[in-house]
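One structure is given here, and the rest of the page talks about it.
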Amino acid sequence: MNCALLIAALHDGQWAASVAALLPRLGFAPHLAAPGSALAQASAGKAGLVIAGPGAPVPPTLLEGWHAAGALCAVAVPPGKPADHGAFVARLPVPTTEAAILAMLAERHYIALPAHEAAAIPAAIAAQTLGDKGFAAELLQALVTSAQDDLAQLRAAGTELETCGSIAHRMKSSAHYVGCDSLRGLAQRMEDAARGGDAGTVMALRAVFEPTCARLVELLAALAART
């Protein structure tokens, strides 16, 4: 999964626990860090999402470092409290809800397919097919066709929750085959929301899920063309 770093002060414990419980359902593996250690980690560039807690002292260089390393950065801001960390930093309300996180991800055009997972797709397919190149080519073409069909159906689905849930279930399987755990987690959440009749959450998820599926189709089609 894509790593999400929560920069939390000692008195941010309740906030950090609540956000950490939400993130795995959205395809993130949460990790907690104190402000000082988070600054040191920025050079590694291993997080796709960095959120500073409402009580964490955040020097400008901290989030700037993570932003430069490619992370989407946000700060959690209590009601009535001003925050100015630069245009590259998103704001999240406190309490921080799943809906608020999804809205922020969609606004920032987040794609739930981090570079390390995209780069590992060929190896994942090879592992699934035990190194058989012919079988790998057949599996890859089947995945391309399936993902293209699912994406087309998703774009035409509108608010049909049953259709959205079925597509999410199939895309979850495709993501598993190619080792894209961030997309797999997001697909599971969308499937669960659809089955639960939660139309609002399904539509919020689609704003991230659909462009991520489109990116996966592009990657798979490009691999198939080179095979």
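Ligands are numbered from 1 in the order shown, residues from 1 within each chain, and chains are lettered A, B, ... in the order they appear in the structure tokens.
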
- Out of range 45-225 of chain A, which residues get helix (DSSP H, G or I) from DSSP, as number ranges by chain? A: 60-68, 98-107, 115-119, 121-128, 133-156, 161-177, 181-195, 199-225

- Query: Can you tell me, as number ranges by chain, what residues are no more than 12 Å from His109 in chain A when counting only C-alpha atoms, ignoring any on the same chain fewer than 3 positions away?
  - Reply: A: 72, 90, 102-106, 112-113, 206-212

- Exercise: Pro122 in chain A partners within 8 Å, only C-alpha atoms, chain neighbours under 3 positions left out, as an NGL selection string: :A and (119 or 125-126 or 178 or 223)

- Top pick for closest residue to Ser18 in chain A, considering A:Pro57, A:Pro95, A:Pro79, A:Gly131 and counting only C-alpha atoms: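 Closest residue, counting only C-alpha atoms: A:Pro95.
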
- Message: DSSP on the backbone: which residues in range 2-224 of chain A end up as strand (DSSP E or B)? Give the answer as number ranges by chain.
- Response: A: 2-7, 28-33, 49-52, 72-77, 89-93

- Query: What's the 12 Å shell around Ser166 in chain A, counting only C-alpha atoms, without same-chain residues fewer than 3 positions away, as a count of residues only?
  - Reply: 22

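When only C-alpha atoms are used to measure the gap to Val58 in chain A, the shortest distance among A:Leu183, A:Leu6, A:Ile121, A:Ala99 belongs to A:Leu6.
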